[in-house]
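Undergrad: Got a file for you: data_10.cif, mmCIF, C-alpha atoms and all ligand atoms.
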data_input
loop_
_atom_site.group_PDB
_atom_site.id
_atom_site.type_symbol
_atom_site.label_atom_id
_atom_site.label_comp_id
_atom_site.auth_asym_id
_atom_site.auth_seq_id
_atom_site.Cartn_x
_atom_site.Cartn_y
_atom_site.Cartn_z
ATOM 1 C CA MET A 37 93.673 10.456 111.889
ATOM 2 C CA PRO A 38 94.475 7.964 110.569
ATOM 3 C CA THR A 39 98.174 7.558 111.353
ATOM 4 C CA THR A 40 99.620 4.482 109.622
ATOM 5 C CA HIS A 41 100.545 4.096 105.966
ATOM 6 C CA PRO A 42 102.058 1.324 103.843
ATOM 7 C CA GLY A 43 105.823 1.038 103.748
ATOM 8 C CA PRO A 44 107.742 0.982 100.464
ATOM 9 C CA GLY A 45 107.748 -2.236 98.489
ATOM 10 C CA ARG A 46 104.755 -3.718 100.280
ATOM 11 C CA ARG A 47 103.433 -6.845 98.595
ATOM 12 C CA ARG A 48 99.761 -6.806 97.743
ATOM 13 C CA PRO A 49 97.477 -8.505 98.174
ATOM 14 C CA SER A 50 98.603 -10.007 101.465
ATOM 15 C CA ASP A 51 98.488 -13.712 102.295
ATOM 16 C CA ARG A 52 95.843 -12.890 104.856
ATOM 17 C CA LEU A 53 93.608 -11.256 102.286
ATOM 18 C CA LEU A 54 93.799 -14.397 100.185
ATOM 19 C CA THR A 55 92.275 -16.336 103.073
ATOM 20 C CA VAL A 56 89.282 -13.968 102.942
ATOM 21 C CA LEU A 57 88.603 -13.435 99.225
ATOM 22 C CA THR A 58 86.773 -15.848 96.980
ATOM 23 C CA CYS A 59 86.400 -15.857 93.224
ATOM 24 C CA PRO A 60 83.289 -13.822 92.403
ATOM 25 C CA LEU A 61 82.418 -16.161 89.528
ATOM 26 C CA CYS A 62 82.742 -19.558 91.207
ATOM 27 C CA PRO A 63 83.179 -20.765 94.788
ATOM 28 C CA SER A 64 86.994 -21.230 94.565
ATOM 29 C CA GLY A 65 89.639 -19.362 96.514
ATOM 30 C CA LEU A 66 92.123 -17.038 94.781
ATOM 31 C CA GLU A 67 95.898 -17.266 94.417
ATOM 32 C CA ARG A 68 98.521 -14.888 93.020
ATOM 33 C CA ALA A 69 99.477 -15.482 89.401
ATOM 34 C CA ASP A 70 101.537 -13.121 87.236
ATOM 35 C CA GLY A 71 100.372 -9.789 88.630
ATOM 36 C CA ALA A 72 96.831 -11.059 88.996
ATOM 37 C CA LEU A 73 94.696 -13.263 91.185
ATOM 38 C CA ARG A 74 93.438 -16.508 89.723
ATOM 39 C CA CYS A 75 91.084 -19.210 90.933
ATOM 40 C CA ALA A 76 91.139 -22.949 90.268
ATOM 41 C CA GLY A 77 88.595 -22.354 87.502
ATOM 42 C CA ARG A 78 91.162 -19.997 85.843
ATOM 43 C CA HIS A 79 89.076 -16.858 86.340
ATOM 44 C CA THR A 80 91.685 -14.093 86.514
ATOM 45 C CA PHE A 81 91.484 -10.653 88.143
ATOM 46 C CA ASP A 82 94.078 -7.927 87.691
ATOM 47 C CA ILE A 83 96.026 -6.421 90.548
ATOM 48 C CA ALA A 84 96.245 -2.722 89.674
ATOM 49 C CA ARG A 85 99.657 -1.105 89.988
ATOM 50 C CA HIS A 86 98.059 1.076 92.642
ATOM 51 C CA GLY A 87 97.691 -2.031 94.814
ATOM 52 C CA TYR A 88 94.016 -2.941 94.681
ATOM 53 C CA VAL A 89 92.526 -6.007 93.049
ATOM 54 C CA SER A 90 89.735 -5.519 90.559
ATOM 55 C CA LEU A 91 87.117 -8.210 91.040
ATOM 56 C CA LEU A 92 84.477 -6.370 89.040
ATOM 57 C CA THR A 93 83.502 -8.027 85.812
ATOM 58 C CA GLY A 94 82.067 -5.989 82.929
ATOM 59 C CA HIS A 95 78.379 -6.383 83.619
ATOM 60 C CA ARG A 96 78.765 -5.660 87.324
ATOM 61 C CA ARG A 97 80.087 -2.117 87.196
ATOM 62 C CA ALA A 98 78.073 0.235 89.429
ATOM 63 C CA ALA A 99 76.880 3.509 87.912
ATOM 64 C CA SER A 100 77.077 5.100 91.359
ATOM 65 C CA ALA A 101 80.888 4.943 91.599
ATOM 66 C CA ASP A 102 82.541 8.213 92.635
ATOM 67 C CA SER A 103 84.385 10.176 89.942
ATOM 68 C CA ALA A 104 87.973 11.402 90.267
ATOM 69 C CA ALA A 105 86.755 14.888 91.232
ATOM 70 C CA MET A 106 84.427 13.493 93.902
ATOM 71 C CA VAL A 107 87.233 11.436 95.413
ATOM 72 C CA ARG A 108 89.597 14.435 95.375
ATOM 73 C CA CYS A 109 87.025 16.605 97.156
ATOM 74 C CA ARG A 110 86.258 13.920 99.719
ATOM 75 C CA ALA A 111 89.944 13.345 100.450
ATOM 76 C CA SER A 112 90.544 17.051 100.900
ATOM 77 C CA PHE A 113 87.500 17.449 103.166
ATOM 78 C CA LEU A 114 88.515 14.494 105.328
ATOM 79 C CA ARG A 115 92.137 15.666 105.522
ATOM 80 C CA ALA A 116 90.877 18.929 106.997
ATOM 81 C CA GLY A 117 89.605 16.941 109.984
ATOM 82 C CA HIS A 118 85.939 17.971 109.835
ATOM 83 C CA TYR A 119 84.793 14.394 110.493
ATOM 84 C CA ASP A 120 87.538 13.329 112.875
ATOM 85 C CA PRO A 121 84.977 12.908 115.694
ATOM 86 C CA LEU A 122 83.205 10.266 113.602
ATOM 87 C CA ALA A 123 86.484 8.516 112.787
ATOM 88 C CA ARG A 124 87.341 8.447 116.497
ATOM 89 C CA ALA A 125 83.896 7.145 117.437
ATOM 90 C CA LEU A 126 84.116 4.340 114.870
ATOM 91 C CA ALA A 127 87.597 3.415 116.069
ATOM 92 C CA ARG A 128 86.475 3.308 119.677
ATOM 93 C CA LEU A 129 83.409 1.232 118.899
ATOM 94 C CA ALA A 130 85.527 -1.149 116.850
ATOM 95 C CA THR A 131 87.709 -1.875 119.873
ATOM 96 C CA GLU A 132 84.587 -2.692 121.868
ATOM 97 C CA LEU A 133 83.067 -4.899 119.189
ATOM 98 C CA ALA A 134 85.902 -6.694 117.421
ATOM 99 C CA PRO A 135 89.080 -8.500 118.495
ATOM 100 C CA PRO A 136 92.463 -6.772 117.958
ATOM 101 C CA ASP A 137 93.262 -9.149 115.082
ATOM 102 C CA ALA A 138 89.869 -8.728 113.393
ATOM 103 C CA VAL A 139 89.122 -8.880 109.713
ATOM 104 C CA VAL A 140 87.285 -5.629 108.961
ATOM 105 C CA LEU A 141 85.330 -5.048 105.754
ATOM 106 C CA ASP A 142 84.326 -1.561 104.627
ATOM 107 C CA ALA A 143 81.504 -1.544 102.063
ATOM 108 C CA GLY A 144 81.800 1.619 99.955
ATOM 109 C CA ALA A 145 85.154 2.454 101.544
ATOM 110 C CA GLY A 146 85.913 5.549 99.445
ATOM 111 C CA THR A 147 89.426 6.736 100.250
ATOM 112 C CA GLY A 148 89.689 4.241 103.113
ATOM 113 C CA HIS A 149 89.758 7.039 105.692
ATOM 114 C CA TYR A 150 87.442 5.431 108.260
ATOM 115 C CA LEU A 151 88.785 1.932 107.690
ATOM 116 C CA ALA A 152 92.288 3.254 108.407
ATOM 117 C CA SER A 153 91.121 4.779 111.690
ATOM 118 C CA VAL A 154 89.597 1.478 112.740
ATOM 119 C CA LEU A 155 92.781 -0.382 111.779
ATOM 120 C CA ASP A 156 94.838 2.060 113.825
ATOM 121 C CA ALA A 157 92.713 1.107 116.822
ATOM 122 C CA LEU A 158 92.957 -2.664 116.221
ATOM 123 C CA PRO A 159 96.695 -3.432 116.199
ATOM 124 C CA GLY A 160 96.572 -6.837 114.491
ATOM 125 C CA ALA A 161 93.583 -6.284 112.249
ATOM 126 C CA MET A 162 93.408 -6.572 108.473
ATOM 127 C CA GLY A 163 91.033 -4.346 106.525
ATOM 128 C CA LEU A 164 89.436 -4.783 103.132
ATOM 129 C CA GLY A 165 87.760 -1.805 101.496
ATOM 130 C CA LEU A 166 85.244 -2.641 98.780
ATOM 131 C CA ASP A 167 84.353 0.092 96.320
ATOM 132 C CA SER A 168 83.325 0.343 92.692
ATOM 133 C CA SER A 169 85.314 3.514 91.938
ATOM 134 C CA ALA A 170 88.856 3.008 90.631
ATOM 135 C CA HIS A 171 89.684 6.524 91.831
ATOM 136 C CA ALA A 172 88.567 5.708 95.356
ATOM 137 C CA LEU A 173 90.322 2.346 95.288
ATOM 138 C CA ARG A 174 93.675 3.955 94.472
ATOM 139 C CA ALA A 175 93.420 5.977 97.653
ATOM 140 C CA ALA A 176 91.988 3.129 99.732
ATOM 141 C CA ALA A 177 94.832 0.806 98.759
ATOM 142 C CA ARG A 178 97.312 3.298 100.246
ATOM 143 C CA ALA A 179 95.327 4.372 103.273
ATOM 144 C CA HIS A 180 96.832 1.976 105.802
ATOM 145 C CA ALA A 181 99.625 -0.592 106.014
ATOM 146 C CA ARG A 182 97.117 -3.297 106.970
ATOM 147 C CA GLY A 183 94.395 -2.079 104.638
ATOM 148 C CA GLU A 184 93.658 -3.646 101.263
ATOM 149 C CA ALA A 185 91.179 -2.658 98.591
ATOM 150 C CA ALA A 186 89.136 -4.480 95.999
ATOM 151 C CA GLY A 187 86.899 -3.287 93.200
ATOM 152 C CA TRP A 188 83.418 -4.597 93.795
ATOM 153 C CA ASP A 189 79.737 -3.632 93.564
ATOM 154 C CA VAL A 190 78.518 -4.041 97.129
ATOM 155 C CA TRP A 191 74.960 -4.588 95.934
ATOM 156 C CA GLN A 192 76.131 -7.926 94.566
ATOM 157 C CA PRO A 193 76.967 -10.866 96.858
ATOM 158 C CA TRP A 194 80.386 -10.076 98.308
ATOM 159 C CA PRO A 195 83.436 -12.038 97.095
ATOM 160 C CA VAL A 196 84.522 -13.043 100.594
ATOM 161 C CA ARG A 197 84.305 -16.300 102.499
ATOM 162 C CA SER A 198 81.250 -16.749 104.625
ATOM 163 C CA GLY A 199 81.980 -15.888 108.257
ATOM 164 C CA SER A 200 85.450 -14.496 107.446
ATOM 165 C CA ALA A 201 84.885 -10.962 108.800
ATOM 166 C CA HIS A 202 84.473 -9.735 112.362
ATOM 167 C CA LEU A 203 83.239 -6.242 111.570
ATOM 168 C CA VAL A 204 81.625 -4.506 108.602
ATOM 169 C CA LEU A 205 81.715 -0.742 108.169
ATOM 170 C CA ASN A 206 79.305 1.071 105.862
ATOM 171 C CA VAL A 207 79.925 4.783 106.243
ATOM 172 C CA PHE A 208 78.154 7.424 104.147
ATOM 173 C CA ALA A 209 77.778 4.836 101.411
ATOM 174 C CA ARG A 210 74.602 3.203 100.241
ATOM 175 C CA PRO A 211 73.900 0.535 102.814
ATOM 176 C CA ALA A 212 74.931 -2.820 101.512
ATOM 177 C CA THR A 213 72.317 -5.531 101.695
ATOM 178 C CA GLY A 214 72.024 -7.108 105.100
ATOM 179 C CA ARG A 215 72.195 -10.539 103.530
ATOM 180 C CA SER A 216 75.697 -9.937 102.130
ATOM 181 C CA SER A 217 76.934 -8.393 105.375
ATOM 182 C CA THR A 218 75.556 -11.227 107.434
ATOM 183 C CA ALA A 219 77.005 -13.908 105.158
ATOM 184 C CA SER A 220 80.449 -12.305 105.394
ATOM 185 C CA CYS A 221 80.412 -11.947 109.125
ATOM 186 C CA GLY A 222 78.379 -14.813 110.435
ATOM 187 C CA PRO A 223 75.240 -14.215 112.438
ATOM 188 C CA THR A 224 76.539 -12.024 115.263
ATOM 189 C CA ALA A 225 79.045 -9.606 113.717
ATOM 190 C CA PRO A 226 78.344 -5.891 113.983
ATOM 191 C CA CYS A 227 77.793 -3.508 111.128
ATOM 192 C CA SER A 228 77.903 0.262 111.263
ATOM 193 C CA SER A 229 76.159 2.536 108.851
ATOM 194 C CA SER A 230 76.567 6.262 109.214
ATOM 195 C CA ARG A 231 74.796 8.547 106.805
ATOM 196 C CA PRO A 232 74.719 12.284 106.256
ATOM 197 C CA ALA A 233 72.456 14.819 107.946
ATOM 198 C CA ALA A 234 68.773 14.743 107.034
ATOM 199 C CA GLY A 235 69.112 17.988 105.108
ATOM 200 C CA ILE A 236 71.624 16.299 102.817
ATOM 201 C CA CYS A 237 70.313 12.774 102.753
ATOM 202 C CA THR A 238 66.556 12.722 102.885
ATOM 203 C CA ASN A 239 66.076 8.981 103.176
ATOM 204 C CA CYS A 240 67.634 8.410 106.592
ATOM 205 C CA ALA A 241 65.919 5.426 108.113
ATOM 206 C CA ALA A 242 63.943 6.332 111.211
ATOM 207 C CA PRO A 243 64.296 3.003 113.030
ATOM 208 C CA TRP A 244 68.069 3.231 113.040
ATOM 209 C CA GLY A 245 69.935 4.647 115.985
ATOM 210 C CA CYS A 246 71.208 8.216 115.890
ATOM 211 C CA TRP A 247 74.667 9.683 116.239
ATOM 212 C CA ARG A 248 75.894 13.225 116.547
ATOM 213 C CA SER A 249 79.348 14.386 117.522
ATOM 214 C CA THR A 250 78.588 14.938 121.183
ATOM 215 C CA PRO A 251 79.766 12.510 123.849
ATOM 216 C CA GLY A 252 76.232 11.884 125.175
ATOM 217 C CA ARG A 253 74.786 10.988 121.825
ATOM 218 C CA ARG A 254 77.789 8.863 120.889
ATOM 219 C CA SER A 255 77.489 6.870 124.041
ATOM 220 C CA ALA A 256 73.709 6.441 123.571
ATOM 221 C CA CYS A 257 74.359 5.137 120.077
ATOM 222 C CA ALA A 258 77.042 2.759 121.287
ATOM 223 C CA GLY A 259 74.536 1.401 123.783
ATOM 224 C CA ARG A 260 71.903 0.815 121.119
ATOM 225 C CA TRP A 261 74.462 -0.806 118.874
ATOM 226 C CA ARG A 262 75.564 -3.192 121.587
ATOM 227 C CA THR A 263 71.979 -4.006 122.477
ATOM 228 C CA ALA A 264 71.094 -4.785 118.893
ATOM 229 C CA LEU A 265 74.115 -7.016 118.554
ATOM 230 C CA GLY A 266 73.185 -9.003 121.578
ATOM 231 C CA THR A 267 69.893 -10.018 120.058
ATOM 232 C CA SER A 268 69.718 -9.855 116.295
ATOM 233 C CA GLY A 269 73.102 -9.695 114.594
ATOM 234 C CA PRO A 270 74.092 -6.786 112.330
ATOM 235 C CA SER A 271 72.856 -3.359 113.393
ATOM 236 C CA ARG A 272 72.939 -0.038 111.633
ATOM 237 C CA TRP A 273 73.089 3.476 112.926
ATOM 238 C CA THR A 274 72.845 6.774 111.194
ATOM 239 C CA THR A 275 73.586 10.465 111.557
ATOM 240 C CA PRO A 276 70.234 12.286 111.565
HETATM 241 C C1 LIG A 301 79.724 9.018 99.718
HETATM 242 S S1 LIG A 301 81.124 7.975 99.374
HETATM 243 C C2 LIG A 301 81.604 7.414 101.024
HETATM 244 C C3 LIG A 301 83.005 6.892 101.059
HETATM 245 C C4 LIG A 301 83.532 6.558 102.468
HETATM 246 N N1 LIG A 301 82.754 5.546 103.122
HETATM 247 C C5 LIG A 301 83.582 7.789 103.325
HETATM 248 O O1 LIG A 301 82.662 8.014 104.112
HETATM 249 O O2 LIG A 301 84.557 8.541 103.181
HETATM 250 C C6 LIG A 301 80.324 6.525 98.715
HETATM 251 C C7 LIG A 301 81.305 5.522 98.157
HETATM 252 O O3 LIG A 301 80.576 4.371 97.739
HETATM 253 C C8 LIG A 301 81.062 3.974 96.467
HETATM 254 N N2 LIG A 301 79.976 3.239 95.798
HETATM 255 C C9 LIG A 301 78.841 3.720 95.273
HETATM 256 N N3 LIG A 301 78.094 2.732 94.791
HETATM 257 C C10 LIG A 301 78.766 1.584 95.035
HETATM 258 C C11 LIG A 301 78.505 0.217 94.781
HETATM 259 N N4 LIG A 301 77.375 -0.177 94.204
HETATM 260 N N5 LIG A 301 79.432 -0.687 95.162
HETATM 261 C C12 LIG A 301 80.582 -0.296 95.770
HETATM 262 N N6 LIG A 301 80.873 0.977 96.042
HETATM 263 C C13 LIG A 301 79.968 1.913 95.673
HETATM 264 C C14 LIG A 301 81.481 5.253 95.780
HETATM 265 O O4 LIG A 301 82.429 5.035 94.752
HETATM 266 C C15 LIG A 301 82.065 6.025 96.952
HETATM 267 O O5 LIG A 301 83.437 5.788 97.127
#
Take the structure in this file and express it as structure tokens.
Ligand SMILES: C[S@@+](CC[C@H](N)C(=O)[O-])C[C@H]1O[C@@H](n2cnc3c(N)ncnc32)[C@H](O)[C@@H]1O
TA:
Amino acid sequence: MPTTHPGPGRRRPSDRLLTVLTCPLCPSGLERADGALRCAGRHTFDIARHGYVSLLTGHRRAASADSAAMVRCRASFLRAGHYDPLARALARLATELAPPDAVVLDAGAGTGHYLASVLDALPGAMGLGLDSSAHALRAAARAHARGEAAGWDVWQPWPVRSGSAHLVLNVFARPATGRSSTASCGPTAPCSSSRPAAGICTNCAAPWGCWRSTPGRRSACAGRWRTALGTSGPSRWTTP
């Protein structure tokens, strides 16, 4: 996991991504222009040669972005398969909660590992990983043929059209504000937030559902997630 990767010569960002992104500085859409994206107000954002678009402007850079060493370690740990059960659970839940051609956002996407698993499970879906680390974005931009990546601080309002996403992932990253997630998805789209074990992350939120890599607990969590979605829009769940 995951299994699909971009082919050679792939054009980024895709036409479909351009229907999702908005200029972070004004309400306009974005179009390609000379190796960059530009809005009608002539705000311009570079497309990195690694394939991601940098929407961050100087004053918005997040201090919490992962360093190169952190991204290397994470990639190596994930490659070893230790968290494959979580990737499989997310992929399975995504098929229950989103259409096969969904737009999936991943807030704090890191290397794009979990987003790629979800895209593998949704055959027509397009994914957008948001992260503030250039090192993570390089990996995320290559993680899946239908996955894209953009530099952004997820604590700021997200540079995506309101209601453009079907599913938001937020995995082991600081939970993005509910307001941004809800605006991106519309009122009924699901969100997933998985966070590390209590011994590692001491601020796990008690009211959230729980998930451990056993079939019983996964299915209990899926039930809570579905229930929450039926009544109050985005839900979050966490690893205790
Ligand atoms: C612990 S890693 C998790 C990455 C990925 N979700 C995973 O589980 O493999 C947290 C990620 O959030 C990113 N991050 C931290 N603060 C951020 C912010 N304010 N906006 C966007 N990304 C942020 C980091 O650069 C890092 O890639």
Undergrad: For a test of reading the model, state the distance in Å between CA of Leu166 in chain A and atom N6 of ligand LIG 301 (chain A), rounded to one decimal.
TA: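 A separation of 6.3 Å between them.
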Undergrad: So which one's closest to ligand LIG 301 (chain A), A:Gly199, A:Pro159, A:Gly165, A:Gly146? Using all atoms listed in the file, please.
TA: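 Using all atoms listed in the file, ligand LIG 301 (chain A) sits closest to A:Gly146.
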Undergrad: Residues up to 9 Å from ligand LIG 301 (chain A), counting only C-alpha atoms and all ligand atoms: could you list those as an mmCIF file with C-alpha atoms, in the coordinates of the input?
TA:
data_model
loop_
_atom_site.group_PDB
_atom_site.id
_atom_site.type_symbol
_atom_site.label_atom_id
_atom_site.label_comp_id
_atom_site.auth_asym_id
_atom_site.auth_seq_id
_atom_site.Cartn_x
_atom_site.Cartn_y
_atom_site.Cartn_z
ATOM 1 C CA ARG A 96 78.765 -5.660 87.324
ATOM 2 C CA ARG A 97 80.087 -2.117 87.196
ATOM 3 C CA ALA A 98 78.073 0.235 89.429
ATOM 4 C CA ALA A 99 76.880 3.509 87.912
ATOM 5 C CA SER A 100 77.077 5.100 91.359
ATOM 6 C CA ALA A 101 80.888 4.943 91.599
ATOM 7 C CA ASP A 102 82.541 8.213 92.635
ATOM 8 C CA SER A 103 84.385 10.176 89.942
ATOM 9 C CA MET A 106 84.427 13.493 93.902
ATOM 10 C CA VAL A 107 87.233 11.436 95.413
ATOM 11 C CA ARG A 110 86.258 13.920 99.719
ATOM 12 C CA ALA A 111 89.944 13.345 100.450
ATOM 13 C CA LEU A 114 88.515 14.494 105.328
ATOM 14 C CA ASP A 142 84.326 -1.561 104.627
ATOM 15 C CA ALA A 143 81.504 -1.544 102.063
ATOM 16 C CA GLY A 144 81.800 1.619 99.955
ATOM 17 C CA ALA A 145 85.154 2.454 101.544
ATOM 18 C CA GLY A 146 85.913 5.549 99.445
ATOM 19 C CA THR A 147 89.426 6.736 100.250
ATOM 20 C CA GLY A 148 89.689 4.241 103.113
ATOM 21 C CA HIS A 149 89.758 7.039 105.692
ATOM 22 C CA TYR A 150 87.442 5.431 108.260
ATOM 23 C CA LEU A 151 88.785 1.932 107.690
ATOM 24 C CA LEU A 166 85.244 -2.641 98.780
ATOM 25 C CA ASP A 167 84.353 0.092 96.320
ATOM 26 C CA SER A 168 83.325 0.343 92.692
ATOM 27 C CA SER A 169 85.314 3.514 91.938
ATOM 28 C CA ALA A 170 88.856 3.008 90.631
ATOM 29 C CA HIS A 171 89.684 6.524 91.831
ATOM 30 C CA ALA A 172 88.567 5.708 95.356
ATOM 31 C CA LEU A 173 90.322 2.346 95.288
ATOM 32 C CA GLY A 187 86.899 -3.287 93.200
ATOM 33 C CA TRP A 188 83.418 -4.597 93.795
ATOM 34 C CA ASP A 189 79.737 -3.632 93.564
ATOM 35 C CA VAL A 190 78.518 -4.041 97.129
ATOM 36 C CA TRP A 191 74.960 -4.588 95.934
ATOM 37 C CA GLN A 192 76.131 -7.926 94.566
ATOM 38 C CA LEU A 205 81.715 -0.742 108.169
ATOM 39 C CA ASN A 206 79.305 1.071 105.862
ATOM 40 C CA VAL A 207 79.925 4.783 106.243
ATOM 41 C CA PHE A 208 78.154 7.424 104.147
ATOM 42 C CA ALA A 209 77.778 4.836 101.411
ATOM 43 C CA ARG A 210 74.602 3.203 100.241
ATOM 44 C CA ALA A 212 74.931 -2.820 101.512
ATOM 45 C CA SER A 230 76.567 6.262 109.214
ATOM 46 C CA ARG A 231 74.796 8.547 106.805
ATOM 47 C CA PRO A 232 74.719 12.284 106.256
#
Undergrad: Compare A:Val196, A:Leu141, A:Leu73, A:Ala127 by their minimum atom-to-atom distance to Gly163 in chain A, counting all atoms listed in the file, and give me the closest one.
TA: A:Leu141
Undergrad: Name all residues at most 10 Å from Val56 in chain A (count only C-alpha atoms; drop same-chain ones fewer than 2 positions away) and give them as number ranges by chain.
TA: A: 51-54, 58, 65-66, 139, 164, 195-201, 220
Undergrad: Give me a file of those residues, with C-alpha atoms, as a CSV table (one decimal), in the frame of the given file.
TA:
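Saved to selection-v8.csv:
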chain,number,residue,atom,x,y,z
A,51,ASP,CA,98.5,-13.7,102.3
A,52,ARG,CA,95.8,-12.9,104.9
A,53,LEU,CA,93.6,-11.3,102.3
A,54,LEU,CA,93.8,-14.4,100.2
A,58,THR,CA,86.8,-15.8,97.0
A,65,GLY,CA,89.6,-19.4,96.5
A,66,LEU,CA,92.1,-17.0,94.8
A,139,VAL,CA,89.1,-8.9,109.7
A,164,LEU,CA,89.4,-4.8,103.1
A,195,PRO,CA,83.4,-12.0,97.1
A,196,VAL,CA,84.5,-13.0,100.6
A,197,ARG,CA,84.3,-16.3,102.5
A,198,SER,CA,81.2,-16.7,104.6
A,199,GLY,CA,82.0,-15.9,108.3
A,200,SER,CA,85.4,-14.5,107.4
A,201,ALA,CA,84.9,-11.0,108.8
A,220,SER,CA,80.4,-12.3,105.4
Undergrad: Could you check how far CA of Tyr88 in chain A sits from CA of Arg178 in chain A, in Å to one decimal?
TA: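 A separation of 9.0 Å between them.
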Undergrad: In Å, how far is it from CA of Leu61 in chain A to CA of Arg74 in chain A?
TA: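 We find that CA of Leu61 in chain A and CA of Arg74 in chain A lie 11.0 Å from each other.
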Undergrad: Identify which of the residues A:Ala76, A:Ala177, A:Ala157, A:Ala104 lies closest to Ala130 in chain A, counting all atoms listed in the file when measuring atom-to-atom distances.
TA: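 For Ala130 in chain A, the nearest of the candidates is A:Ala157.
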Undergrad: Since the input is missing atoms, can you rebuild N, CA and C atoms for range 149-166 of chain A and write them as a compact mmCIF listing (two decimals), keeping the file's coordinate frame?
TA:
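The resulting selection23.txt:
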# COMPACT_ATOMS: atom_id res chain seq x y z
N HIS A 149 89.48 6.19 104.52
CA HIS A 149 89.76 7.04 105.69
C HIS A 149 89.26 6.40 106.99
N TYR A 150 88.00 5.98 107.01
CA TYR A 150 87.44 5.43 108.26
C TYR A 150 87.98 4.03 108.54
N LEU A 151 88.19 3.26 107.50
CA LEU A 151 88.78 1.93 107.69
C LEU A 151 90.18 2.08 108.31
N ALA A 152 90.95 3.05 107.86
CA ALA A 152 92.29 3.25 108.41
C ALA A 152 92.23 3.62 109.89
N SER A 153 91.26 4.42 110.27
CA SER A 153 91.12 4.78 111.69
C SER A 153 90.81 3.56 112.53
N VAL A 154 89.95 2.71 112.01
CA VAL A 154 89.60 1.48 112.74
C VAL A 154 90.81 0.56 112.82
N LEU A 155 91.59 0.48 111.75
CA LEU A 155 92.78 -0.38 111.78
C LEU A 155 93.83 0.17 112.74
N ASP A 156 93.93 1.47 112.83
CA ASP A 156 94.84 2.06 113.82
C ASP A 156 94.47 1.61 115.24
N ALA A 157 93.18 1.45 115.47
CA ALA A 157 92.71 1.11 116.82
C ALA A 157 92.79 -0.39 117.10
N LEU A 158 92.90 -1.20 116.06
CA LEU A 158 92.96 -2.66 116.22
C LEU A 158 94.33 -3.13 115.72
N PRO A 159 95.29 -3.33 116.62
CA PRO A 159 96.70 -3.43 116.20
C PRO A 159 97.05 -4.63 115.32
N GLY A 160 96.24 -5.69 115.34
CA GLY A 160 96.57 -6.84 114.49
C GLY A 160 95.55 -7.06 113.39
N ALA A 161 94.71 -6.08 113.17
CA ALA A 161 93.58 -6.28 112.25
C ALA A 161 94.01 -6.12 110.80
N MET A 162 93.24 -6.74 109.91
CA MET A 162 93.41 -6.57 108.47
C MET A 162 92.12 -5.98 107.92
N GLY A 163 92.22 -4.99 107.07
CA GLY A 163 91.03 -4.35 106.52
C GLY A 163 90.93 -4.56 105.03
N LEU A 164 89.69 -4.69 104.57
CA LEU A 164 89.44 -4.78 103.13
C LEU A 164 88.35 -3.77 102.78
N GLY A 165 88.73 -2.79 101.97
CA GLY A 165 87.76 -1.80 101.50
C GLY A 165 87.22 -2.22 100.15
N LEU A 166 85.90 -2.32 100.05
CA LEU A 166 85.24 -2.64 98.78
C LEU A 166 84.66 -1.36 98.21
